[in-house]
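Below is the file structure-v5.csv, which contains CSV, C-alpha atoms.
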chain,number,residue,atom,x,y,z
A,1,MET,CA,2.5,29.5,-22.2
A,2,ASN,CA,-1.0,30.6,-23.2
A,3,PRO,CA,-3.5,29.4,-20.5
A,4,LEU,CA,-5.8,27.7,-23.0
A,5,LEU,CA,-2.9,25.8,-24.6
A,6,PHE,CA,-1.6,24.8,-21.2
A,7,ARG,CA,-5.0,23.5,-20.1
A,8,ALA,CA,-5.2,21.4,-23.3
A,9,PHE,CA,-1.7,20.1,-22.7
A,10,ARG,CA,-2.6,19.2,-19.1
A,11,ALA,CA,-5.7,17.4,-20.3
A,12,LEU,CA,-3.7,15.3,-22.8
A,13,GLU,CA,-1.0,14.5,-20.2
A,14,THR,CA,-3.8,13.4,-17.8
A,15,LYS,CA,-5.4,11.2,-20.4
A,16,VAL,CA,-2.1,9.5,-21.3
A,17,HIS,CA,-0.9,9.3,-17.6
A,18,GLU,CA,2.6,8.2,-18.5
A,19,LEU,CA,4.3,7.0,-15.4
A,20,ASN,CA,7.6,8.9,-15.2
A,21,TYR,CA,8.4,9.0,-11.5
A,22,LEU,CA,7.9,6.3,-9.0
A,23,PHE,CA,8.6,7.1,-5.3
A,24,TRP,CA,9.5,4.2,-3.1
A,25,GLU,CA,9.0,4.9,0.6
A,26,CYS,CA,11.7,2.4,1.5
A,27,THR,CA,11.8,3.2,5.2
A,28,THR,CA,10.0,5.4,7.7
A,29,ARG,CA,13.0,5.3,10.0
A,30,CYS,CA,14.9,8.5,10.4
A,31,ASN,CA,18.0,9.6,12.3
A,32,LEU,CA,16.4,13.0,12.9
A,33,ALA,CA,13.1,14.2,14.3
A,34,CYS,CA,12.4,17.3,12.1
A,35,ARG,CA,9.8,19.7,13.4
A,36,HIS,CA,8.2,20.0,10.0
A,37,CYS,CA,8.1,16.3,9.0
A,38,GLY,CA,4.8,15.6,7.2
A,39,SER,CA,5.4,11.8,7.7
A,40,ASP,CA,6.1,12.1,11.4
A,41,CYS,CA,9.1,9.8,11.1
A,42,PHE,CA,11.3,8.7,14.0
A,43,LYS,CA,14.5,6.6,14.5
A,44,ASN,CA,12.4,3.7,15.8
A,45,SER,CA,9.5,3.4,13.3
A,46,LYS,CA,6.6,1.2,14.0
A,47,GLU,CA,6.8,0.2,10.3
A,48,LYS,CA,9.4,-2.3,9.2
A,49,ASP,CA,11.5,-1.5,6.1
A,50,MET,CA,9.9,-3.0,3.0
A,51,PRO,CA,12.0,-5.8,1.7
A,52,LEU,CA,13.8,-5.0,-1.5
A,53,GLU,CA,12.3,-8.2,-3.1
A,54,ASP,CA,8.8,-7.0,-2.4
A,55,PHE,CA,9.4,-3.7,-4.2
A,56,LEU,CA,11.1,-5.3,-7.1
A,57,LYS,CA,8.2,-7.7,-7.6
A,58,ALA,CA,5.9,-4.7,-7.8
A,59,LEU,CA,8.3,-2.8,-10.1
A,60,ASP,CA,8.5,-5.8,-12.4
A,61,THR,CA,4.7,-5.6,-13.1
A,62,ILE,CA,5.5,-2.7,-15.3
A,63,PRO,CA,5.7,-4.2,-18.8
A,64,LYS,CA,9.2,-4.1,-20.4
A,65,ASP,CA,7.7,-2.8,-23.6
A,66,TYR,CA,6.3,0.2,-21.7
A,67,LEU,CA,9.6,1.0,-20.2
A,68,LYS,CA,11.4,0.4,-23.6
A,69,LYS,CA,8.9,2.8,-25.2
A,70,LEU,CA,9.7,5.5,-22.5
A,71,ARG,CA,13.4,5.1,-23.0
A,72,SER,CA,13.1,5.6,-26.8
A,73,ALA,CA,10.7,8.5,-26.7
A,74,LYS,CA,11.9,12.1,-26.9
A,75,TYR,CA,10.2,15.3,-25.9
A,76,LYS,CA,10.1,18.2,-28.2
A,77,ASP,CA,13.1,19.8,-26.4
A,78,GLY,CA,15.1,16.7,-27.2
A,79,LYS,CA,15.2,15.3,-23.7
A,80,GLN,CA,14.5,11.6,-23.1
A,81,SER,CA,11.1,10.7,-21.6
A,82,PRO,CA,12.1,9.6,-18.1
A,83,PHE,CA,11.3,6.8,-15.8
A,84,VAL,CA,13.0,7.3,-12.4
A,85,VAL,CA,12.7,5.4,-9.2
A,86,ILE,CA,13.0,7.8,-6.3
A,87,LEU,CA,14.1,6.4,-2.9
A,88,THR,CA,12.5,8.4,-0.1
A,89,GLY,CA,11.6,7.9,3.6
A,90,GLY,CA,12.3,8.5,6.4
A,91,GLU,CA,16.0,8.6,5.6
A,92,PRO,CA,17.0,6.1,2.9
A,93,LEU,CA,20.6,6.0,4.0
A,94,LEU,CA,19.5,4.1,7.2
A,95,ARG,CA,19.0,1.1,5.0
A,96,PRO,CA,22.1,-1.2,5.1
A,97,ASP,CA,21.2,-2.5,1.7
A,98,ILE,CA,21.0,0.9,0.0
A,99,GLU,CA,23.7,-0.1,-2.5
A,100,ASP,CA,22.0,-3.4,-3.3
A,101,ILE,CA,18.8,-1.5,-3.9
A,102,GLY,CA,20.5,0.9,-6.4
A,103,LYS,CA,22.2,-2.0,-8.2
A,104,ALA,CA,19.0,-4.0,-8.6
A,105,ILE,CA,17.2,-1.0,-10.1
A,106,THR,CA,20.2,-0.2,-12.4
A,107,GLU,CA,20.4,-3.8,-13.5
A,108,ARG,CA,16.8,-3.4,-14.8
A,109,GLY,CA,18.0,-0.6,-17.1
A,110,LEU,CA,16.2,2.0,-14.9
A,111,ALA,CA,17.4,5.3,-13.4
A,112,TRP,CA,17.1,5.9,-9.7
A,113,SER,CA,17.6,8.8,-7.4
A,114,MET,CA,17.3,9.6,-3.7
A,115,VAL,CA,16.0,12.3,-1.3
A,116,SER,CA,18.2,12.6,1.8
A,117,ASN,CA,18.8,14.9,4.8
A,118,GLY,CA,22.5,14.5,4.0
A,119,PHE,CA,23.5,13.5,7.6
A,120,PHE,CA,25.2,10.3,6.5
A,121,TYR,CA,26.2,11.4,3.1
A,122,ASN,CA,30.0,11.5,3.0
A,123,ALA,CA,32.7,10.9,0.3
A,124,ASP,CA,32.6,7.1,0.8
A,125,MET,CA,28.8,6.9,0.6
A,126,HIS,CA,28.9,9.1,-2.5
A,127,ARG,CA,31.4,6.8,-4.2
A,128,ARG,CA,29.3,3.7,-3.4
A,129,LEU,CA,26.0,5.2,-4.6
A,130,ILE,CA,27.4,6.6,-7.8
A,131,GLY,CA,28.9,3.1,-8.4
A,132,ALA,CA,25.4,1.6,-7.8
A,133,GLY,CA,24.1,3.8,-10.6
A,134,MET,CA,22.5,6.7,-8.8
A,135,LYS,CA,21.6,9.4,-11.3
A,136,ALA,CA,20.0,12.1,-9.2
A,137,LEU,CA,20.1,13.3,-5.6
A,138,THR,CA,18.2,15.8,-3.5
A,139,ILE,CA,19.5,17.1,-0.2
A,140,SER,CA,17.6,19.4,2.2
A,141,LEU,CA,18.9,22.7,3.7
A,142,ASP,CA,16.4,24.6,5.8
A,143,GLY,CA,18.2,27.8,6.9
A,144,LEU,CA,21.4,29.0,8.3
A,145,GLU,CA,23.1,26.9,11.0
A,146,ASN,CA,21.0,27.7,14.0
A,147,GLU,CA,17.7,27.6,12.1
A,148,HIS,CA,18.5,24.4,10.3
A,149,ASN,CA,19.6,22.7,13.4
A,150,TRP,CA,16.5,23.9,15.3
A,151,MET,CA,14.2,22.5,12.6
A,152,ARG,CA,16.1,19.2,12.4
A,153,GLY,CA,16.6,18.7,16.1
A,154,ASN,CA,20.3,17.9,15.9
A,155,PRO,CA,23.3,20.3,16.5
A,156,ASN,CA,25.4,18.6,13.7
A,157,SER,CA,22.7,18.5,11.1
A,158,TYR,CA,23.7,21.7,9.3
A,159,ARG,CA,27.4,21.0,9.1
A,160,ASN,CA,26.7,17.4,7.8
A,161,ALA,CA,24.2,18.7,5.2
A,162,ILE,CA,26.7,21.4,4.0
A,163,ASP,CA,29.4,18.8,3.7
A,164,ALA,CA,27.1,16.5,1.7
A,165,ILE,CA,26.0,19.3,-0.6
A,166,ALA,CA,29.7,20.2,-1.3
A,167,ILE,CA,30.4,16.6,-2.3
A,168,ALA,CA,27.3,16.2,-4.5
A,169,ALA,CA,27.6,19.6,-6.2
A,170,LYS,CA,31.0,18.6,-7.6
A,171,GLU,CA,29.7,15.4,-9.3
A,172,LYS,CA,29.2,16.0,-13.0
A,173,ARG,CA,27.5,12.6,-13.4
A,174,LEU,CA,24.7,13.6,-11.0
A,175,ASP,CA,21.5,15.6,-11.5
A,176,PHE,CA,21.7,17.3,-8.1
A,177,ASP,CA,19.5,19.9,-6.4
A,178,VAL,CA,19.0,21.4,-2.9
A,179,VAL,CA,15.5,21.8,-1.5
A,180,SER,CA,14.5,24.3,1.3
A,181,CYS,CA,11.3,24.5,3.2
A,182,ILE,CA,10.7,28.2,3.7
A,183,ASN,CA,9.0,29.4,6.9
A,184,LYS,CA,8.9,32.3,9.3
A,185,GLN,CA,12.3,31.3,10.8
A,186,ASN,CA,14.3,31.3,7.6
A,187,ILE,CA,12.6,33.6,5.1
A,188,LYS,CA,14.9,36.5,6.1
A,189,GLN,CA,17.9,34.3,5.3
A,190,LEU,CA,17.2,33.7,1.7
A,191,GLU,CA,19.9,35.9,0.4
A,192,GLN,CA,22.5,34.4,2.7
A,193,MET,CA,21.4,30.9,1.8
A,194,HIS,CA,21.7,31.8,-1.9
A,195,THR,CA,25.3,33.0,-1.4
A,196,ILE,CA,26.3,29.8,0.5
A,197,LEU,CA,24.8,27.4,-2.1
A,198,SER,CA,26.1,29.3,-5.0
A,199,GLY,CA,29.5,29.3,-3.4
A,200,LEU,CA,29.3,25.5,-3.1
A,201,GLY,CA,28.6,25.1,-6.8
A,202,VAL,CA,25.0,24.1,-6.5
A,203,LYS,CA,23.2,24.5,-9.9
A,204,GLN,CA,19.6,24.0,-8.8
A,205,TRP,CA,17.8,25.2,-5.7
A,206,ARG,CA,14.1,24.5,-5.2
A,207,LEU,CA,12.0,26.3,-2.6
A,208,PHE,CA,8.9,25.0,-0.9
A,209,THR,CA,6.3,26.2,1.6
A,210,ILE,CA,5.2,23.9,4.4
A,211,ILE,CA,1.7,22.4,4.6
A,212,PRO,CA,0.1,21.7,8.0
A,213,ILE,CA,0.3,17.9,8.1
A,214,GLY,CA,2.2,15.6,10.4
A,215,ARG,CA,4.3,17.4,13.0
A,216,ALA,CA,4.1,20.7,11.0
A,217,ALA,CA,0.4,21.0,11.8
A,218,ALA,CA,1.1,22.1,15.3
A,219,GLU,CA,3.8,24.6,14.6
A,220,PRO,CA,2.6,28.2,13.6
A,221,LEU,CA,6.2,29.3,12.9
A,222,PHE,CA,6.2,27.2,9.7
A,223,HIS,CA,3.4,28.8,7.9
A,224,LEU,CA,3.9,31.9,5.8
A,225,GLU,CA,1.4,34.8,5.8
A,226,SER,CA,0.3,36.6,2.7
A,227,ALA,CA,3.1,39.2,2.8
A,228,GLU,CA,5.7,36.6,3.4
A,229,THR,CA,4.5,34.4,0.6
A,230,LYS,CA,4.8,37.4,-1.8
A,231,GLN,CA,8.2,38.1,-0.4
A,232,LEU,CA,9.3,34.6,-1.3
A,233,MET,CA,7.9,34.9,-4.8
A,234,GLU,CA,9.7,38.2,-5.3
A,235,PHE,CA,13.0,36.7,-4.2
A,236,ILE,CA,12.7,33.8,-6.7
A,237,LYS,CA,11.5,36.1,-9.5
A,238,GLU,CA,14.5,38.4,-9.0
A,239,LYS,CA,17.0,35.6,-9.0
A,240,ARG,CA,15.5,34.1,-12.1
A,241,GLU,CA,15.5,37.4,-13.9
A,242,ALA,CA,19.2,37.9,-12.9
A,243,ALA,CA,20.1,34.5,-14.2
A,244,GLU,CA,18.3,35.2,-17.5
A,245,ARG,CA,20.2,38.4,-18.0
A,246,LEU,CA,23.5,36.5,-17.5
A,247,LYS,CA,22.4,33.9,-20.0
A,248,ASN,CA,21.3,36.6,-22.6
A,249,ASN,CA,24.6,38.4,-22.2
A,250,SER,CA,26.5,35.1,-22.9
A,251,LEU,CA,28.5,35.5,-19.8
A,252,GLN,CA,30.6,32.5,-18.8
A,253,ALA,CA,29.5,32.6,-15.2
A,254,GLN,CA,26.6,30.1,-14.7
A,255,SER,CA,24.0,31.2,-12.2
A,256,MET,CA,22.3,28.8,-9.8
A,257,GLU,CA,18.7,28.2,-11.0
A,258,VAL,CA,16.2,29.1,-8.3
A,259,THR,CA,12.7,27.7,-8.7
A,260,PHE,CA,9.5,27.4,-6.7
A,261,SER,CA,8.2,23.9,-6.3
A,262,CYS,CA,5.3,22.5,-8.3
A,263,GLU,CA,2.8,23.3,-5.5
A,264,GLY,CA,0.0,25.8,-5.8
A,265,TYR,CA,-1.4,28.1,-8.4
A,266,LEU,CA,0.5,31.4,-8.2
A,267,ALA,CA,-1.6,33.9,-10.2
A,268,ALA,CA,0.7,36.6,-11.7
A,269,TYR,CA,3.8,34.8,-10.6
A,270,GLU,CA,3.1,31.8,-12.8
A,271,GLN,CA,6.2,31.1,-14.9
A,272,LYS,CA,8.0,33.9,-13.3
A,273,VAL,CA,9.2,31.7,-10.5
A,274,ARG,CA,9.3,28.3,-12.3
A,275,PRO,CA,9.7,27.1,-15.8
A,276,ALA,CA,6.1,25.8,-16.3
A,277,PRO,CA,2.7,26.7,-15.0
A,278,HIS,CA,1.2,24.9,-11.9
A,279,PHE,CA,0.4,21.3,-12.7
A,280,CYS,CA,0.1,18.8,-9.9
A,281,ARG,CA,1.3,15.6,-11.5
A,282,ALA,CA,0.5,13.3,-8.6
A,283,GLY,CA,-1.3,10.3,-10.0
A,284,ILE,CA,-0.7,11.7,-13.5
A,285,ASN,CA,3.0,11.1,-14.0
A,286,ILE,CA,3.9,10.4,-10.4
A,287,GLY,CA,3.2,7.2,-8.5
A,288,ALA,CA,4.3,5.9,-5.1
A,289,ILE,CA,4.7,2.6,-3.3
A,290,LEU,CA,4.5,3.4,0.4
A,291,ILE,CA,6.0,1.5,3.3
A,292,ASP,CA,3.1,-0.8,3.9
A,293,GLY,CA,2.6,-1.5,0.2
A,294,THR,CA,-0.1,1.1,-0.4
A,295,VAL,CA,-0.1,2.4,-4.0
A,296,CYS,CA,-0.6,6.1,-4.1
A,297,ALA,CA,1.1,9.1,-5.6
A,298,CYS,CA,3.3,11.8,-4.0
A,299,PRO,CA,4.2,10.4,-0.5
A,300,ASN,CA,2.7,13.6,1.1
A,301,VAL,CA,-0.7,12.8,-0.3
A,302,ASP,CA,-3.2,11.5,2.4
A,303,ARG,CA,-2.7,7.8,1.9
A,304,GLU,CA,-5.8,6.9,4.0
A,305,VAL,CA,-8.0,8.9,1.7
A,306,PHE,CA,-6.3,8.5,-1.7
A,307,GLY,CA,-4.6,5.1,-1.5
A,308,GLN,CA,-5.5,3.2,-4.7
A,309,GLY,CA,-4.5,-0.3,-3.9
A,310,ASN,CA,-1.7,-2.4,-2.3
A,311,ILE,CA,1.1,-4.3,-3.9
A,312,TYR,CA,0.6,-7.2,-1.5
A,313,ARG,CA,-2.8,-7.9,-3.1
A,314,ASP,CA,-2.8,-6.0,-6.4
A,315,ASN,CA,-0.8,-5.8,-9.5
A,316,PHE,CA,0.9,-2.4,-9.3
A,317,TYR,CA,0.8,-1.6,-13.0
A,318,LYS,CA,-2.8,-2.5,-13.4
A,319,VAL,CA,-3.6,-0.2,-10.5
A,320,TRP,CA,-1.7,2.6,-12.2
A,321,GLU,CA,-3.6,2.0,-15.4
A,322,SER,CA,-7.1,1.5,-14.1
A,323,LYS,CA,-7.4,3.5,-10.9
A,324,PHE,CA,-6.3,7.0,-9.7
A,325,GLU,CA,-9.6,8.6,-10.7
A,326,PRO,CA,-9.5,11.3,-7.9
A,327,PHE,CA,-6.1,12.4,-9.3
A,328,ARG,CA,-7.1,12.4,-13.0
A,329,ASN,CA,-10.5,14.1,-12.6
A,330,ARG,CA,-10.4,16.9,-10.1
A,331,ASN,CA,-14.0,18.0,-10.3
A,332,TRP,CA,-14.5,16.6,-6.8
A,333,ALA,CA,-12.3,19.5,-5.5
A,334,ARG,CA,-14.9,22.1,-6.3
A,335,ARG,CA,-15.7,22.5,-2.6
A,336,GLY,CA,-14.9,24.9,0.2
A,337,GLU,CA,-13.2,28.0,-1.0
A,338,CYS,CA,-12.5,26.2,-4.4
A,339,SER,CA,-16.2,25.9,-5.1
A,340,HIS,CA,-16.6,29.6,-6.2
A,341,CYS,CA,-13.0,30.3,-7.3
A,342,LYS,CA,-12.6,31.8,-10.8
A,343,GLN,CA,-9.1,30.3,-11.0
A,344,PHE,CA,-10.2,26.7,-10.5
A,345,LYS,CA,-9.7,25.8,-14.1
A,346,ASN,CA,-6.1,26.8,-13.8
A,347,CYS,CA,-5.5,25.5,-10.3
A,348,LEU,CA,-7.7,22.4,-10.0
A,349,GLY,CA,-7.8,22.9,-6.2
A,350,GLU,CA,-4.0,23.2,-5.4
A,351,GLY,CA,-1.7,20.2,-5.1
A,352,MET,CA,-3.1,16.9,-4.0
A,353,HIS,CA,-1.0,17.0,-0.9
A,354,ASN,CA,-3.1,19.9,0.3
A,355,TRP,CA,-6.2,17.7,0.7
A,356,HIS,CA,-6.4,15.7,3.9
A,357,ASP,CA,-8.8,14.0,6.2
A,358,SER,CA,-12.4,15.1,5.4
A,359,CYS,CA,-11.1,17.0,2.3
A,360,GLN,CA,-13.7,19.8,2.8
A,361,ALA,CA,-11.2,22.5,1.6
A,362,PRO,CA,-7.5,22.7,0.7
A,363,LEU,CA,-5.2,23.1,3.7
A,364,ASN,CA,-3.4,26.0,2.0
A,365,CYS,CA,-4.1,28.3,-0.9
A,366,HIS,CA,-1.2,30.1,-2.5
A,367,TYR,CA,-3.5,32.1,-4.8
A,368,ASN,CA,-5.5,33.6,-2.0
A,369,LYS,CA,-2.3,34.5,-0.1
A,370,LEU,CA,-0.8,36.2,-3.1
A,371,ILE,CA,-3.9,38.3,-4.0
A,372,ASP,CA,-4.3,39.3,-0.4
A,373,GLY,CA,-0.6,40.2,0.0
With the file now loaded, output its structure as structure tokens.
Amino acid sequence: MNPLLFRAFRALETKVHELNYLFWECTTRCNLACRHCGSDCFKNSKEKDMPLEDFLKALDTIPKDYLKKLRSAKYKDGKQSPFVVILTGGEPLLRPDIEDIGKAITERGLAWSMVSNGFFYNADMHRRLIGAGMKALTISLDGLENEHNWMRGNPNSYRNAIDAIAIAAKEKRLDFDVVSCINKQNIKQLEQMHTILSGLGVKQWRLFTIIPIGRAAAEPLFHLESAETKQLMEFIKEKREAAERLKNNSLQAQSMEVTFSCEGYLAAYEQKVRPAPHFCRAGINIGAILIDGTVCACPNVDREVFGQGNIYRDNFYKVWESKFEPFRNRNWARRGECSHCKQFKNCLGEGMHNWHDSCQAPLNCHYNKLIDG
């Protein structure tokens, strides 16, 4: 897409700020203690799980006419304008009422999905969640067996994740993808991981880098250097080009779609490693209700700095409509290395999850790594 046209499109999307994705941090308990966890979750969290009734009360502040309008709207490509509740954590499958949660959301005529480490996702759980109306699922895989287990801190984590991926990949009613956090430990395993996931029938594989927040802040093995960042982009670019050739040749074999996540402006790699240019939609189309009721955007955004309200004292929908100014006007991010960057108009200061604490500069800059590499 032409950069000028895309910036105009981004400005319109920001002005309209249609809420399409609502994360619910339904628990901060987790059965694993992953070395890269940005939320620093443990099995015994200091935060109690938010009661379902409290979340539903906040969800019900969204006018029915608004949701009806979303369901009836169509994008130019014919797809329905979505509204999806995404259960995240911690590990959502630790909640004993996970089916009740799904059914309650489904009964409101809304779609819901879940992000899971896959440890407890077996055939019985799959059947129950599909029955409760789950429409999409994301499971993490962060390397081959030794590397994944090292990162997750559990010797059974890899095998359970692989088993879960195999189950979900076969489900035609499910929009399913695998996400991988790429770091110095697993970047040399990309080709092997691609072979494994393709063999399991996975159709979508999203790759991330790791930002230095939570437990990941103290682990230098997680953060890619310039040459490694470029290596990652080249891998994704090559896989996407190969998939496009198959598509153009009308071959029956369907390739797994490999994409880089929405984070970071990627200079010459824009649209070569993902379908659309960089656009951090946190606070634009993405909202979140966090474990203590804080209203924010992507759960990885600094909630202390960018929290916009709280469902226990505020009307969620009114907060969405009237606040979120730091997300919708990014001029404040012209600071640190962003203050003199010629690409600011395209980047707007990286993803919002890259600004933490004093917010003097982004924690990571993909653009600088790529032009240096």
Contact check, segment 269-306 of chain A to segment 208-222 of chain A, at most 12 Å, counting all atoms listed in the file, closest pairs as JSON lines:
{"residue": "A:Val273", "atom": "CA", "partner": "A:Phe208", "partner_atom": "CA", "distance": 11.7}
{"residue": "A:Arg274", "atom": "CA", "partner": "A:Phe208", "partner_atom": "CA", "distance": 11.9}
{"residue": "A:Asn300", "atom": "CA", "partner": "A:Ile213", "partner_atom": "CA", "distance": 8.6}
{"residue": "A:Val301", "atom": "CA", "partner": "A:Ile213", "partner_atom": "CA", "distance": 9.9}
{"residue": "A:Asp302", "atom": "CA", "partner": "A:Ile213", "partner_atom": "CA", "distance": 9.3}
| task | Would you be able to write out as a list in words which residues have an atom within 9 Å of (3.8, 8.8, -18.8) in the file's coordinates, counting all atoms listed in the file? | result |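 Within the cut-off we find Glu13, Thr14, Val16, His17, Glu18, Leu19, Asn20, Tyr21, Leu70, Ser81, Pro82, Phe83, Ile284, Asn285 and Ile286 of chain A.
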Compare A:Ile289, A:Asn146, A:Asp124, A:Thr28 by their minimum atom-to-atom distance to Tyr317 of chain A, counting only C-alpha atoms, and give me the closest one.
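Between A:Ile289, A:Asn146, A:Asp124, A:Thr28, the residue approaching Tyr317 of chain A most closely is A:Ile289.
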- Task: May I ask which of the residues A:Leu22, A:Met125, A:Ala288, A:Ala33 is the closest one to Ser157 of chain A, counting all atoms listed in the file?
- Result: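 Checking each of A:Leu22, A:Met125, A:Ala288, A:Ala33 against Ser157 of chain A, counting all atoms listed in the file, the winner is A:Ala33.
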Pairwise distance, atom CA of Glu47 of chain A with atom CA of Asp292 of chain A, equals 7.5 Å
Report as an NGL selection string all protein, DNA and RNA residues lying within 10 Å of Leu137 of chain A, evaluated on only C-alpha atoms, omitting residues in the same chain fewer than 3 positions from it. :A and (86-87 or 112-116 or 118 or 134 or 165 or 168-169 or 174-178)
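Atom CA of Leu141 of chain A is positioned 21.4 Å from atom CA of Gly264 of chain A.
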With the input short on atoms, add N, CA, C and O atoms back to segment 106-118 of chain A and write it as an mmCIF file, keeping the file's coordinate frame.
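See out_39.cif below for the written result:
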data_model
loop_
_atom_site.group_PDB
_atom_site.id
_atom_site.type_symbol
_atom_site.label_atom_id
_atom_site.label_comp_id
_atom_site.auth_asym_id
_atom_site.auth_seq_id
_atom_site.Cartn_x
_atom_site.Cartn_y
_atom_site.Cartn_z
ATOM 1 N N THR A 106 19.303 -0.464 -11.226
ATOM 2 C CA THR A 106 20.200 -0.200 -12.400
ATOM 3 C C THR A 106 20.244 -1.414 -13.302
ATOM 4 O O THR A 106 20.227 -1.273 -14.538
ATOM 5 N N GLU A 107 20.298 -2.609 -12.734
ATOM 6 C CA GLU A 107 20.400 -3.800 -13.500
ATOM 7 C C GLU A 107 19.125 -4.019 -14.409
ATOM 8 O O GLU A 107 19.174 -4.725 -15.422
ATOM 9 N N ARG A 108 18.032 -3.389 -14.032
ATOM 10 C CA ARG A 108 16.800 -3.400 -14.800
ATOM 11 C C ARG A 108 16.803 -2.355 -15.920
ATOM 12 O O ARG A 108 15.800 -2.175 -16.600
ATOM 13 N N GLY A 109 17.896 -1.630 -16.030
ATOM 14 C CA GLY A 109 18.000 -0.600 -17.100
ATOM 15 C C GLY A 109 17.266 0.675 -16.698
ATOM 16 O O GLY A 109 16.958 1.496 -17.576
ATOM 17 N N LEU A 110 16.992 0.866 -15.389
ATOM 18 C CA LEU A 110 16.200 2.000 -14.900
ATOM 19 C C LEU A 110 17.101 2.986 -14.166
ATOM 20 O O LEU A 110 18.084 2.589 -13.545
ATOM 21 N N ALA A 111 16.718 4.246 -14.208
ATOM 22 C CA ALA A 111 17.400 5.300 -13.400
ATOM 23 C C ALA A 111 16.825 5.336 -12.022
ATOM 24 O O ALA A 111 15.649 5.036 -11.820
ATOM 25 N N TRP A 112 17.657 5.716 -11.058
ATOM 26 C CA TRP A 112 17.100 5.900 -9.700
ATOM 27 C C TRP A 112 17.789 7.104 -9.051
ATOM 28 O O TRP A 112 18.868 7.541 -9.434
ATOM 29 N N SER A 113 17.074 7.654 -8.093
ATOM 30 C CA SER A 113 17.600 8.800 -7.400
ATOM 31 C C SER A 113 17.158 8.697 -5.912
ATOM 32 O O SER A 113 16.505 7.725 -5.511
ATOM 33 N N MET A 114 17.519 9.690 -5.123
ATOM 34 C CA MET A 114 17.300 9.600 -3.700
ATOM 35 C C MET A 114 17.052 10.985 -3.092
ATOM 36 O O MET A 114 17.641 11.968 -3.548
ATOM 37 N N VAL A 115 16.202 11.041 -2.084
ATOM 38 C CA VAL A 115 16.000 12.300 -1.300
ATOM 39 C C VAL A 115 16.549 11.986 0.096
ATOM 40 O O VAL A 115 16.174 11.007 0.745
ATOM 41 N N SER A 116 17.461 12.852 0.558
ATOM 42 C CA SER A 116 18.200 12.600 1.800
ATOM 43 C C SER A 116 18.319 13.866 2.632
ATOM 44 O O SER A 116 18.366 14.974 2.083
ATOM 45 N N ASN A 117 18.434 13.696 3.952
ATOM 46 C CA ASN A 117 18.800 14.900 4.800
ATOM 47 C C ASN A 117 20.261 15.130 4.816
ATOM 48 O O ASN A 117 20.715 16.117 5.405
ATOM 49 N N GLY A 118 21.057 14.249 4.193
ATOM 50 C CA GLY A 118 22.500 14.500 4.000
ATOM 51 C C GLY A 118 23.345 14.141 5.240
ATOM 52 O O GLY A 118 24.574 14.248 5.161
#
